[in-house]
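*Asks:* Mind looking over this structure? Questions follow.
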Amino acid sequence: MKNILLPTDFSDNSWNAIDYATELFKDEDCTFFLLNIYSQIIYESIHVSDIPSKRSIENTVKTNAITNLEHVKKTFIHTSPNQKHQFEIIALFGSLIEAVEEVVKSKKIDLIVMGTKGATGTKEVFMGSNTVRVINTIKSCPVLAIPKNFTLISKPSEITFATDFTHFYSKEELQPIIEFAKSFDAIIRIVYIQQQEGSLTEEQKFNLSMLQKYFKDITYYQHSLTKSESISKSIKVFTKELDVYLLAMLNYAHGFMDKLTREPVIKKMAFHTQIPLLVIPESGMSTAYSKTIKKTSKLEGIE
């Protein structure tokens with residue numbers, strides 16, 4: 001049984017993400033947790049004179065949130081009935097990150113699925129995106145970001161795994177990708193974008209060998225791309241040419257995802273990408289092991 005968290009603000013984007021998740025896992029036993037977070041901002045839109053107390057305001061807003069959540073739940077049960085799927089609703093007061101962290105822990109969430117809003121033209125909105133905040137903050141659960149208006153026509157038959165081979169991969173980190181590949185009978189395309197000319201370092205070769213070990217029971221291919229004007233453009237061109245419908249990346253300090261978020265173009269990647277983006281946080285063990293490998297490499301003059 002998978003436990004999947006679906007944060008929603010009742011927008012078209014969140015409806016689309018819920019629709020994608022229920023369709024993607026239609027053949028698996030799942031409990032979907034529909035989560036709505038209401039905050040002080042909502043209070044400010046209500047005239048205090050109309051409602052006698054802050055507690056009354058909170059109760060009113062919570063009641064509205066629960067009513068809307070029940071509507072979403074009933075809609076999906078009615079339009080896409082599935083005996084394998086269960087829905088639970090959760091309405092919480094507070095900040096997005098605190099609420100998501102609480103639910104991920106208490107409900108033992110396996111995956112968070114969220115929609116992205118698309119380009120709005122301002123850097124501040126991009127960096128303030130709820131999806132990006134969850135990706136950068138939640139360290140105990142992978143996040144699947146669904147682009148605006150993306151429709152699941154068929155299950156992903158190919159998964160692009162973008163990496164720079166500078167991170168020691170643990171099986172725990174790669175498990176979400178492995179599970180996706182096995183569940184959907186998909187092949188994995190490991191994509192290495194060369195930042196500069198030259199062969200892999202000993203550290204990169206070692207990490208690649210571990211990656212190959214973990215993927216031994218899955219059909220996978222390796223690709224090396226020369227960086228064009230940006231990493232984001234290179235990935236987009238690659239995924240478009242091969243009709244890849246799922247992009248996966250590990251999120252770790254000073255790693256590939258970190259480099260991507262520093263690119264002026266890729267700062268908007270979660271919004272501009274035309275395919276779903278699966279972001280997996282690093283594990284503590286991998287962090288420690290990667291540091292050991294880097295330290296050893298430096299002592300031996302590998303770097």
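Identifiers in this document derive from the order of the structure tokens: chains are assigned A, B, ..., residues are numbered from 1 separately in each chain, and ligands are numbered from 1 in order of occurrence.
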Using only C-alpha atoms, which protein or nucleic acid residues come within 8 Å of Arg189 of chain A? Drop anything in the same chain fewer than 3 positions from it, and give the result as a PyMOL selection string.
*Replies:* chain A and resi 158-161+220-223
*Asks:* Convert the current residue selection to file output with N, CA, C and O atoms, as a tab-separated table (two decimals), in the first residue's frame.
*Replies:*
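Result saved to again-v1.tsv:
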chain	number	residue	atom	x	y	z
A	158	GLU	N	9.89	5.45	-20.35
A	158	GLU	CA	11.29	5.83	-20.23
A	158	GLU	C	11.46	6.86	-19.14
A	158	GLU	O	10.65	7.78	-19.01
A	159	ILE	N	12.51	6.70	-18.34
A	159	ILE	CA	12.81	7.63	-17.27
A	159	ILE	C	14.22	8.16	-17.46
A	159	ILE	O	15.17	7.38	-17.59
A	160	THR	N	14.36	9.47	-17.53
A	160	THR	CA	15.69	10.07	-17.64
A	160	THR	C	16.21	10.37	-16.24
A	160	THR	O	15.55	11.07	-15.47
A	161	PHE	N	17.38	9.84	-15.91
A	161	PHE	CA	18.00	10.11	-14.62
A	161	PHE	C	19.23	10.97	-14.87
A	161	PHE	O	20.25	10.49	-15.39
A	220	TYR	N	18.72	-0.35	-18.70
A	220	TYR	CA	19.15	1.04	-18.66
A	220	TYR	C	20.19	1.30	-19.74
A	220	TYR	O	20.86	0.40	-20.23
A	221	TYR	N	20.30	2.57	-20.11
A	221	TYR	CA	21.28	3.01	-21.10
A	221	TYR	C	22.02	4.22	-20.54
A	221	TYR	O	21.45	5.00	-19.77
A	222	GLN	N	23.26	4.37	-20.92
A	222	GLN	CA	24.05	5.51	-20.47
A	222	GLN	C	24.26	6.48	-21.62
A	222	GLN	O	24.52	6.08	-22.76
A	223	HIS	N	24.15	7.76	-21.32
A	223	HIS	CA	24.32	8.80	-22.32
A	223	HIS	C	25.21	9.90	-21.75
A	223	HIS	O	25.06	10.28	-20.59
*Asks:* Excluding Leu69 of chain A and any residue of its chain fewer than 5 positions from it, enumerate the residues within 8 Å of it, using only C-alpha atoms, and give them as a PDB file with N, CA, C and O atoms, in the first residue's frame.
*Replies:*
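This went into selection22.pdb:
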ATOM      1  N   LEU A  34      -5.404  14.005   0.842  1.00  0.00           N
ATOM      2  CA  LEU A  34      -5.658  15.337   0.296  1.00  0.00           C
ATOM      3  C   LEU A  34      -5.439  16.357   1.410  1.00  0.00           C
ATOM      4  O   LEU A  34      -6.143  16.351   2.422  1.00  0.00           O
ATOM      5  N   LEU A  35      -4.442  17.229   1.220  1.00  0.00           N
ATOM      6  CA  LEU A  35      -4.064  18.179   2.271  1.00  0.00           C
ATOM      7  C   LEU A  35      -4.276  19.622   1.831  1.00  0.00           C
ATOM      8  O   LEU A  35      -3.808  20.036   0.770  1.00  0.00           O
ATOM      9  N   ASN A  36      -4.984  20.368   2.668  1.00  0.00           N
ATOM     10  CA  ASN A  36      -5.122  21.803   2.432  1.00  0.00           C
ATOM     11  C   ASN A  36      -4.625  22.537   3.663  1.00  0.00           C
ATOM     12  O   ASN A  36      -4.973  22.193   4.793  1.00  0.00           O
ATOM     13  N   ILE A  89      -8.886  13.062   3.948  1.00  0.00           N
ATOM     14  CA  ILE A  89      -8.725  14.509   3.858  1.00  0.00           C
ATOM     15  C   ILE A  89      -8.098  15.050   5.141  1.00  0.00           C
ATOM     16  O   ILE A  89      -8.352  14.556   6.243  1.00  0.00           O
ATOM     17  N   ILE A  90      -7.252  16.088   4.967  1.00  0.00           N
ATOM     18  CA  ILE A  90      -6.581  16.715   6.103  1.00  0.00           C
ATOM     19  C   ILE A  90      -6.580  18.223   5.884  1.00  0.00           C
ATOM     20  O   ILE A  90      -6.109  18.711   4.851  1.00  0.00           O
TER      21      ILE A  90
END
*Asks:* Calculate how many Å separate atom CA of Ile146 of chain A from atom CA of Glu98 of chain A, rounding to one decimal.
*Replies:*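 That distance, rounded to one decimal, is 21.7 Å.
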*Asks:* If you run DSSP on the backbone here, which positions in segment 166-202 of chain A get strand (DSSP E)? Please write them as a ChimeraX atom specification.
*Replies:* /A:187-194
*Asks:* Can you tell me, as a ChimeraX atom specification, what residues are no more than 12 Å from Gly198 of chain A when counting only C-alpha atoms, ignoring any on the same chain fewer than 3 positions away?
*Replies:* /A:193-195,201,224,226
*Asks:* Do a neighbour search on Ser39 of chain A at 10 Å with only C-alpha atoms, toss out local chain neighbours closer than 4 positions, and write the hits as a PyMOL selection string.
*Replies:* chain A and resi 43-44+58+61-62+92-96
*Asks:* Write down as a PyMOL selection string the residues of segment 138-266 of chain A whose backbone DSSP state falls under helix (DSSP H, G or I).
*Replies:* chain A and resi 171-183+202-214+231-241+256-262+266
*Asks:* Which neighbours of Tyr20 of chain A fall inside 12 Å, counting only C-alpha atoms, when residues of the same chain fewer than 6 positions from it are skipped, and could you give them as a PyMOL selection string?
*Replies:* chain A and resi 6+13-14+26+76+80+113-115+144-156+275-276
*Asks:* A:Glu102, A:Glu203, A:Asp243, A:Glu282: which is nearest Leu174 of chain A, counting only C-alpha atoms?
*Replies:* A:Glu282
*Asks:* Residues near segment 82-84 of chain A, anyone? I mean within 8 Å using only C-alpha atoms, not counting same-chain ones fewer than 3 positions away, as a list in words.
*Replies:*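 Once the adjacent positions are removed, what remains is Lys26, Asp27, Glu28, Asp29, Cys30 and Ile77 of chain A.
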*Asks:* Could you write out that same residue set with N, CA, C and O atoms as a PDB file, in the first residue's frame?
*Replies:*
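The file below, again_26.pdb, is the result:
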ATOM      1  N   LYS A  26      -3.080   3.842 -10.938  1.00  0.00           N
ATOM      2  CA  LYS A  26      -4.408   3.231 -10.985  1.00  0.00           C
ATOM      3  C   LYS A  26      -4.383   1.722 -10.743  1.00  0.00           C
ATOM      4  O   LYS A  26      -5.386   1.143 -10.332  1.00  0.00           O
ATOM      5  N   ASP A  27      -3.246   1.082 -10.978  1.00  0.00           N
ATOM      6  CA  ASP A  27      -3.156  -0.365 -10.796  1.00  0.00           C
ATOM      7  C   ASP A  27      -2.516  -0.757  -9.463  1.00  0.00           C
ATOM      8  O   ASP A  27      -2.234  -1.932  -9.218  1.00  0.00           O
ATOM      9  N   GLU A  28      -2.271   0.231  -8.596  1.00  0.00           N
ATOM     10  CA  GLU A  28      -1.628  -0.046  -7.311  1.00  0.00           C
ATOM     11  C   GLU A  28      -2.523   0.341  -6.151  1.00  0.00           C
ATOM     12  O   GLU A  28      -3.317   1.289  -6.239  1.00  0.00           O
ATOM     13  N   ASP A  29      -2.401  -0.384  -5.050  1.00  0.00           N
ATOM     14  CA  ASP A  29      -3.146  -0.056  -3.836  1.00  0.00           C
ATOM     15  C   ASP A  29      -2.549   1.215  -3.228  1.00  0.00           C
ATOM     16  O   ASP A  29      -1.360   1.248  -2.886  1.00  0.00           O
ATOM     17  N   CYS A  30      -3.347   2.241  -3.093  1.00  0.00           N
ATOM     18  CA  CYS A  30      -2.853   3.528  -2.599  1.00  0.00           C
ATOM     19  C   CYS A  30      -3.850   4.193  -1.664  1.00  0.00           C
ATOM     20  O   CYS A  30      -5.066   4.051  -1.826  1.00  0.00           O
ATOM     21  N   ILE A  77     -13.763  10.065  -6.568  1.00  0.00           N
ATOM     22  CA  ILE A  77     -14.373   8.758  -6.324  1.00  0.00           C
ATOM     23  C   ILE A  77     -15.483   8.493  -7.336  1.00  0.00           C
ATOM     24  O   ILE A  77     -15.662   7.371  -7.817  1.00  0.00           O
TER      25      ILE A  77
END
*Asks:* Nearest to Met249 of chain A: which of A:Glu172, A:Asp164, A:Glu197, A:Asp12 is it, counting only C-alpha atoms?
*Replies:*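 Checking each of A:Glu172, A:Asp164, A:Glu197, A:Asp12 against Met249 of chain A, counting only C-alpha atoms, the winner is A:Asp164.
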*Asks:* Calculated over only C-alpha atoms, which of the candidates A:Leu277, A:Asn207, A:Thr67, A:Cys141 has the smallest distance to Val100 of chain A?
*Replies:*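 Closest residue, counting only C-alpha atoms: A:Cys141.
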*Asks:* Could you check which of A:Tyr38, A:Phe33, A:Tyr192, A:Trp15 is closest to Thr75 of chain A, using only C-alpha atoms?
*Replies:*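 Closest residue, counting only C-alpha atoms: A:Trp15.
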*Asks:* For Phe184 of chain A, which of A:Ser157, A:Gln212, A:Asn130, A:Ser170 is the closest residue, counting only C-alpha atoms?
*Replies:* A:Ser157
